[in-house]
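Undergrad: One structure, pasted below without further comment.
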Amino acid sequence: MNKKKGIASLILLLAVTAYFVLFYKDKKLRFIPENADAVVLIDVKNLTRQYLFSLITHPSQWGSKTKGKGSVSLRESGITIPDFLQVFHLKGTGASEWYSVLELKDPQKFIAFLKQQNFASKGKNIFQKDHIFLSIEGGNCIVGTSDSGFGAINKKLFQNSQKNILDADRFIQNTAGSISFLSGQKIHNFSIELKDDEIEIKNNSTPEIVDAIVSKLQQGNHFLEAELNADNIKNYTHFFNINNGDSLQISHFKATADLEQVNDTIISYGYDDNFNEIEKKTYQKIIQPNYIIDFQSPVPEKTWDYFQTKKWMNAQNQFTAIPFQPNDVSRNTAGFVIKSTRNPIQQSPKLEKNYIFIRNSEMLFSSLSTLSKAEKRIISDIDYVFYGNEAQNYWVKVKAKNGKLPLILRW
């Protein structure tokens, strides 16, 4: 009898421990400033459960990841692993500027970890490696893709007596993550779901619409296909801090692009042994897009005049806002068309939907020389990226290539 009681007590203890380790979460969000206009939440315990389940069902991965000699894992680095990783964007800053705050159990241990990871000190407890910046403020660390917001974040979160504490249930509901857009008291939530071979961001549960569009797009072979209406064009221009969405007066956008490897000639000048100036030519292979872009406008004359006012057109009738020339701009009754002239392509058929579809390409991968090995490995594993919109329904899908392992074990 005592033995049975002991086993029952052990099972109960393990169950309670598992609950607190894998399920119980502190839902108070303490590190989102009031001037944030977008928030990404990552449910760490949800991902932990997914990881453990995937690991259990794939025995080939047991013990496959080992630490290097003398290396320190993130859990041993001196930080407190949060229940929810809180990533935010500050109103009025660039689209690529995102921040997060981590609590530190041992700041000195964390600084030693940063040095081991080759972060360079910029003074005043600020560190940088590539495009990642960190600022240590007492028992907290601000992480960002820029350091320009560190001062404002420090004042809002650590020097303000009134704490802005939010509830996670307002942003996320039983998914691996969420992305939310804040406008006053309104919060527009999009779930983030991690599946075996794809990541989905959406605000609805109707995958049939996405599947139908993607199925049609996969019948082609273009690197990029896109079609957007006026509302989507305004959303994109506002998101990227381009205040021209209304002035452009574009009602429809359609684009198709392919990639091509071409020889690029580099001309330089030097001197021979007699100090005569000589021309030197060298050649390199670069990746260039061939494209066709169709803009439609209810008032094409005003749109054309606006582009000329912005000096996006040169004397050779080229659209210079695109960094890939040469191209040619032609006008029609509905708007105008921009075509690359080196190797013209045909516009893909209209679907009368809102979408952006980018298919992975070996040529794209080979041109990303500035990325780390880990970043290159992840990008090479992607099959396509899709954005879609219908009425108030939005989707973003990152589809990976079919593999033997789920994404959580691959990436």
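Letters A, B, ... go to the chains of the structure tokens in the order shown; residues in each chain start at 1; ligands are counted from 1 in the same order.
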As JSON, numbers by chain, please: every residue in stretch 60-146 of chain A that a backbone DSSP assignment puts in strand (DSSP E).

TA: {"A": [84, 85, 86, 87, 88, 89, 90, 99, 100, 101, 102, 103, 120, 121, 122, 123, 126, 127, 128, 129, 132, 133, 134, 135, 136, 137, 140, 141, 142, 143, 144]}

Undergrad: Using only C-alpha atoms, determine which residues lie at most 12 Å from stretch 273-282 of chain A, disregarding the query and same-chain residues fewer than 6 positions distant; provide the list as an MDAnalysis selection string.

TA: chainID A and resid 263:267

Undergrad: For the residues in the current selection, export all heavy atoms as a PDB file, in the first residue's frame.

TA:
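As a result, selection15.pdb now contains:
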ATOM      1  N   ASN A 263      26.428  39.538 -66.913  1.00  0.00           N
ATOM      2  CA  ASN A 263      27.800  40.022 -66.746  1.00  0.00           C
ATOM      3  C   ASN A 263      27.791  41.531 -66.584  1.00  0.00           C
ATOM      4  O   ASN A 263      27.196  42.247 -67.398  1.00  0.00           O
ATOM      5  CB  ASN A 263      28.658  39.632 -67.953  1.00  0.00           C
ATOM      6  CG  ASN A 263      28.905  38.141 -68.028  1.00  0.00           C
ATOM      7  OD1 ASN A 263      29.130  37.500 -66.999  1.00  0.00           O
ATOM      8  ND2 ASN A 263      28.849  37.577 -69.233  1.00  0.00           N
ATOM      9  N   ASP A 264      28.433  42.005 -65.545  1.00  0.00           N
ATOM     10  CA  ASP A 264      28.512  43.435 -65.278  1.00  0.00           C
ATOM     11  C   ASP A 264      29.941  43.905 -65.531  1.00  0.00           C
ATOM     12  O   ASP A 264      30.911  43.284 -65.056  1.00  0.00           O
ATOM     13  CB  ASP A 264      28.119  43.721 -63.831  1.00  0.00           C
ATOM     14  CG  ASP A 264      28.079  45.214 -63.533  1.00  0.00           C
ATOM     15  OD1 ASP A 264      27.598  45.981 -64.391  1.00  0.00           O
ATOM     16  OD2 ASP A 264      28.525  45.611 -62.440  1.00  0.00           O
ATOM     17  N   THR A 265      30.070  44.981 -66.275  1.00  0.00           N
ATOM     18  CA  THR A 265      31.393  45.516 -66.608  1.00  0.00           C
ATOM     19  C   THR A 265      31.749  46.641 -65.643  1.00  0.00           C
ATOM     20  O   THR A 265      30.980  47.578 -65.460  1.00  0.00           O
ATOM     21  CB  THR A 265      31.419  46.058 -68.048  1.00  0.00           C
ATOM     22  OG1 THR A 265      31.022  45.019 -68.943  1.00  0.00           O
ATOM     23  CG2 THR A 265      32.808  46.545 -68.421  1.00  0.00           C
ATOM     24  N   ILE A 266      32.929  46.533 -65.044  1.00  0.00           N
ATOM     25  CA  ILE A 266      33.426  47.573 -64.138  1.00  0.00           C
ATOM     26  C   ILE A 266      34.610  48.245 -64.817  1.00  0.00           C
ATOM     27  O   ILE A 266      35.607  47.600 -65.150  1.00  0.00           O
ATOM     28  CB  ILE A 266      33.850  46.984 -62.781  1.00  0.00           C
ATOM     29  CG1 ILE A 266      32.672  46.263 -62.123  1.00  0.00           C
ATOM     30  CG2 ILE A 266      34.398  48.072 -61.867  1.00  0.00           C
ATOM     31  CD1 ILE A 266      33.041  45.527 -60.863  1.00  0.00           C
ATOM     32  N   ILE A 267      34.493  49.542 -65.021  1.00  0.00           N
ATOM     33  CA  ILE A 267      35.558  50.307 -65.686  1.00  0.00           C
ATOM     34  C   ILE A 267      36.302  51.126 -64.642  1.00  0.00           C
ATOM     35  O   ILE A 267      35.696  51.866 -63.868  1.00  0.00           O
ATOM     36  CB  ILE A 267      34.986  51.223 -66.780  1.00  0.00           C
ATOM     37  CG1 ILE A 267      34.279  50.373 -67.851  1.00  0.00           C
ATOM     38  CG2 ILE A 267      36.088  52.074 -67.405  1.00  0.00           C
ATOM     39  CD1 ILE A 267      33.594  51.198 -68.927  1.00  0.00           C
TER      40      ILE A 267
END

Undergrad: Smallest atom-to-atom distance to A:Lys115: which of A:Ile378, A:Ser77, A:Val44, A:Phe84, using only C-alpha atoms?

TA: A:Ser77

Undergrad: From a DSSP pass on the backbone, collect the residues of stretch 246-307 of chain A flagged as helix (DSSP H, G or I) and hand them back as a PyMOL selection string.

TA: chain A and resi 246-248+300-307

Undergrad: Residues at most 10 Å from A:Met363, counting only C-alpha atoms, excluding those fewer than 4 positions away in the same chain, as a ChimeraX atom specification?

TA: /A:259-261,286-288,367-368

Undergrad: Generate the output file for the selected residues, all heavy atoms, as a CSV table (one decimal), in the first residue's frame.

TA:
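Saved file part_34.csv follows:
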chain,number,residue,atom,x,y,z
A,259,LEU,N,14.4,36.6,-62.3
A,259,LEU,CA,15.8,36.9,-62.0
A,259,LEU,C,16.6,36.3,-63.1
A,259,LEU,O,16.4,35.2,-63.7
A,259,LEU,CB,16.2,36.3,-60.7
A,259,LEU,CG,15.5,36.8,-59.4
A,259,LEU,CD1,16.0,36.1,-58.2
A,259,LEU,CD2,15.6,38.3,-59.3
A,260,GLU,N,17.7,37.0,-63.4
A,260,GLU,CA,18.7,36.6,-64.4
A,260,GLU,C,20.1,37.0,-64.0
A,260,GLU,O,20.3,38.0,-63.4
A,260,GLU,CB,18.3,37.3,-65.8
A,260,GLU,CG,19.2,36.8,-66.9
A,260,GLU,CD,18.9,37.6,-68.2
A,260,GLU,OE1,18.2,38.6,-68.1
A,260,GLU,OE2,19.5,37.2,-69.2
A,261,GLN,N,21.0,36.1,-64.3
A,261,GLN,CA,22.4,36.3,-64.0
A,261,GLN,C,23.0,37.0,-65.2
A,261,GLN,O,23.0,36.4,-66.3
A,261,GLN,CB,23.2,35.0,-63.6
A,261,GLN,CG,24.6,35.3,-63.1
A,261,GLN,CD,25.3,34.0,-62.7
A,261,GLN,OE1,25.5,33.1,-63.5
A,261,GLN,NE2,25.5,33.9,-61.4
A,286,ILE,N,26.4,39.3,-61.8
A,286,ILE,CA,25.4,39.9,-60.9
A,286,ILE,C,24.0,39.4,-61.2
A,286,ILE,O,23.8,39.0,-62.3
A,286,ILE,CB,25.5,41.4,-60.8
A,286,ILE,CG1,25.1,42.0,-62.2
A,286,ILE,CG2,26.8,41.9,-60.4
A,286,ILE,CD1,24.9,43.5,-62.1
A,287,ILE,N,23.2,39.5,-60.2
A,287,ILE,CA,21.8,39.1,-60.4
A,287,ILE,C,20.9,40.3,-60.6
A,287,ILE,O,20.9,41.2,-59.9
A,287,ILE,CB,21.2,38.3,-59.2
A,287,ILE,CG1,22.2,37.1,-58.9
A,287,ILE,CG2,19.8,37.8,-59.4
A,287,ILE,CD1,22.3,36.1,-60.0
A,288,GLN,N,20.2,40.3,-61.7
A,288,GLN,CA,19.3,41.5,-62.1
A,288,GLN,C,17.9,40.9,-62.4
A,288,GLN,O,17.7,39.9,-62.9
A,288,GLN,CB,19.8,42.2,-63.3
A,288,GLN,CG,21.1,43.0,-63.1
A,288,GLN,CD,20.8,44.4,-62.6
A,288,GLN,OE1,19.7,44.6,-62.0
A,288,GLN,NE2,21.7,45.3,-62.7
A,367,SER,N,23.1,35.6,-54.2
A,367,SER,CA,23.4,37.0,-54.1
A,367,SER,C,23.4,37.6,-52.7
A,367,SER,O,23.7,38.7,-52.5
A,367,SER,CB,22.4,37.8,-55.0
A,367,SER,OG,21.1,37.7,-54.4
A,368,LEU,N,23.0,36.7,-51.7
A,368,LEU,CA,22.9,37.2,-50.3
A,368,LEU,C,24.2,36.9,-49.6
A,368,LEU,O,24.2,36.1,-48.7
A,368,LEU,CB,21.7,36.5,-49.6
A,368,LEU,CG,20.3,36.7,-50.3
A,368,LEU,CD1,19.3,35.9,-49.6
A,368,LEU,CD2,20.0,38.2,-50.3

Undergrad: Between A:Ser183, A:Phe88, A:Leu166, A:Gly123, which residue has the minimum interatomic distance to A:Val143, considering only C-alpha atoms?

TA: A:Phe88

Undergrad: If you count only C-alpha atoms, which residues fall within 8 Å of stretch 387-397 of chain A, apart from same-chain ones fewer than 3 positions away, as a list in words?

TA: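 Near stretch 387-397 of chain A, the qualifying residues are Glu198, Ile199, Glu200, Ile201, Lys202, Asn203, Asn204, Val210, Lys353, Asn354, Tyr355, Ile356 and Phe357 of chain A.
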
Undergrad: Could you turn the residues from that selection into a file that holds all heavy atoms, as a compact mmCIF listing (two decimals), in the first residue's frame?

TA:
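Output saved as part-v4.txt:
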# COMPACT_ATOMS: atom_id res chain seq x y z
N GLU A 198 5.57 25.03 -42.44
CA GLU A 198 5.18 26.40 -42.79
C GLU A 198 4.87 27.21 -41.54
O GLU A 198 4.60 26.68 -40.47
CB GLU A 198 3.96 26.40 -43.71
CG GLU A 198 2.71 25.81 -43.09
CD GLU A 198 1.57 25.69 -44.09
OE1 GLU A 198 1.83 25.32 -45.26
OE2 GLU A 198 0.42 25.98 -43.70
N ILE A 199 4.96 28.52 -41.72
CA ILE A 199 4.56 29.48 -40.69
C ILE A 199 3.42 30.31 -41.27
O ILE A 199 3.54 30.85 -42.38
CB ILE A 199 5.73 30.40 -40.29
CG1 ILE A 199 6.89 29.58 -39.72
CG2 ILE A 199 5.27 31.45 -39.28
CD1 ILE A 199 8.14 30.40 -39.49
N GLU A 200 2.32 30.40 -40.53
CA GLU A 200 1.15 31.15 -41.00
C GLU A 200 0.84 32.30 -40.05
O GLU A 200 0.84 32.12 -38.83
CB GLU A 200 -0.08 30.24 -41.10
CG GLU A 200 -0.13 29.40 -42.35
CD GLU A 200 -1.48 28.73 -42.53
OE1 GLU A 200 -2.24 28.64 -41.54
OE2 GLU A 200 -1.77 28.30 -43.65
N ILE A 201 0.60 33.46 -40.62
CA ILE A 201 0.12 34.61 -39.87
C ILE A 201 -1.23 35.00 -40.46
O ILE A 201 -1.33 35.23 -41.67
CB ILE A 201 1.10 35.80 -39.98
CG1 ILE A 201 2.49 35.38 -39.50
CG2 ILE A 201 0.60 37.00 -39.17
CD1 ILE A 201 3.56 36.43 -39.73
N LYS A 202 -2.27 35.04 -39.62
CA LYS A 202 -3.61 35.28 -40.18
C LYS A 202 -4.55 35.79 -39.10
O LYS A 202 -4.26 35.72 -37.91
CB LYS A 202 -4.17 33.97 -40.76
CG LYS A 202 -4.26 32.84 -39.74
CD LYS A 202 -4.66 31.53 -40.39
CE LYS A 202 -4.76 30.42 -39.36
NZ LYS A 202 -5.14 29.12 -39.96
N ASN A 203 -5.69 36.33 -39.53
CA ASN A 203 -6.72 36.79 -38.59
C ASN A 203 -8.06 36.10 -38.85
O ASN A 203 -9.11 36.62 -38.52
CB ASN A 203 -6.90 38.30 -38.68
CG ASN A 203 -7.47 38.75 -40.01
OD1 ASN A 203 -7.44 38.01 -40.99
ND2 ASN A 203 -7.98 39.98 -40.05
N ASN A 204 -8.00 34.90 -39.47
CA ASN A 204 -9.23 34.17 -39.78
C ASN A 204 -8.91 32.69 -39.84
O ASN A 204 -7.75 32.28 -39.72
CB ASN A 204 -9.80 34.64 -41.12
CG ASN A 204 -8.88 34.29 -42.26
OD1 ASN A 204 -8.95 33.21 -42.82
ND2 ASN A 204 -7.96 35.21 -42.60
N VAL A 210 -6.86 30.94 -49.30
CA VAL A 210 -5.42 30.99 -49.56
C VAL A 210 -5.00 29.85 -50.47
O VAL A 210 -4.25 30.06 -51.44
CB VAL A 210 -4.62 30.92 -48.23
CG1 VAL A 210 -3.13 30.88 -48.51
CG2 VAL A 210 -4.95 32.12 -47.37
N LYS A 353 -7.27 39.46 -57.39
CA LYS A 353 -7.13 39.23 -55.96
C LYS A 353 -6.00 40.11 -55.44
O LYS A 353 -5.23 40.67 -56.22
CB LYS A 353 -6.80 37.76 -55.67
CG LYS A 353 -7.84 36.76 -56.17
CD LYS A 353 -9.10 36.80 -55.33
CE LYS A 353 -10.08 35.72 -55.76
NZ LYS A 353 -11.33 35.74 -54.96
N ASN A 354 -5.91 40.23 -54.13
CA ASN A 354 -4.80 40.96 -53.51
C ASN A 354 -3.78 39.95 -52.99
O ASN A 354 -4.08 39.17 -52.09
CB ASN A 354 -5.30 41.83 -52.35
CG ASN A 354 -6.17 42.96 -52.82
OD1 ASN A 354 -5.75 43.81 -53.60
ND2 ASN A 354 -7.42 42.97 -52.38
N TYR A 355 -2.57 39.99 -53.55
CA TYR A 355 -1.57 39.01 -53.15
C TYR A 355 -0.17 39.50 -53.54
O TYR A 355 0.01 40.34 -54.42
CB TYR A 355 -1.82 37.65 -53.82
CG TYR A 355 -1.75 37.70 -55.32
CD1 TYR A 355 -0.54 37.53 -56.00
CD2 TYR A 355 -2.88 37.96 -56.09
CE1 TYR A 355 -0.46 37.60 -57.38
CE2 TYR A 355 -2.83 38.04 -57.46
CZ TYR A 355 -1.61 37.85 -58.11
OH TYR A 355 -1.54 37.95 -59.47
N ILE A 356 0.81 38.95 -52.85
CA ILE A 356 2.22 39.05 -53.22
C ILE A 356 2.78 37.64 -53.07
O ILE A 356 2.66 37.03 -52.01
CB ILE A 356 3.00 40.03 -52.34
CG1 ILE A 356 2.44 41.45 -52.47
CG2 ILE A 356 4.49 40.02 -52.70
CD1 ILE A 356 3.07 42.44 -51.52
N PHE A 357 3.38 37.12 -54.12
CA PHE A 357 3.90 35.76 -54.12
C PHE A 357 5.36 35.80 -54.56
O PHE A 357 5.68 36.25 -55.67
CB PHE A 357 3.09 34.88 -55.07
CG PHE A 357 3.48 33.43 -55.05
CD1 PHE A 357 3.00 32.58 -54.06
CD2 PHE A 357 4.32 32.90 -56.02
CE1 PHE A 357 3.33 31.23 -54.04
CE2 PHE A 357 4.66 31.56 -56.01
CZ PHE A 357 4.17 30.72 -55.02

Undergrad: Work out how far apart atom CA of A:Asn290 and atom CA of A:Leu351 are and give it in Å to one decimal.

TA: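 Atom CA of A:Leu351 lies 21.0 Å from atom CA of A:Asn290.
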
Undergrad: Out of A:Pro82, A:Gly144, A:Pro323, A:Gly63, which residue has the shortest atom-to-atom distance to A:Tyr24 when counting only C-alpha atoms?

TA: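 Among A:Pro82, A:Gly144, A:Pro323, A:Gly63, it is A:Pro82 that comes nearest to A:Tyr24.
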
Undergrad: Between A:His89, A:His252, A:Lys4, A:His58, which one has atoms that come closest to A:Phe336, using only C-alpha atoms?

TA: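 Smallest separation from A:Phe336 among the options: A:His252.
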
Undergrad: Let me make sure I understand: among A:Leu134, A:Arg377, A:Val385, A:Asn118, which one has the smallest atom-to-atom distance to A:Ser148 if we use only C-alpha atoms?

TA: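 Result for the nearest residue to A:Ser148: A:Leu134.
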
Undergrad: Using only C-alpha atoms, which residue out of A:Asp37, A:Phe295, A:Phe31, A:Phe113 lies closest to A:Ile142?

TA: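 Nearest to A:Ile142: A:Phe31.
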
Undergrad: Report, in Å with one decimal, the straight-line distance from atom CA of A:Gly151 to atom CA of A:Glu137.

TA: 10.5 Å
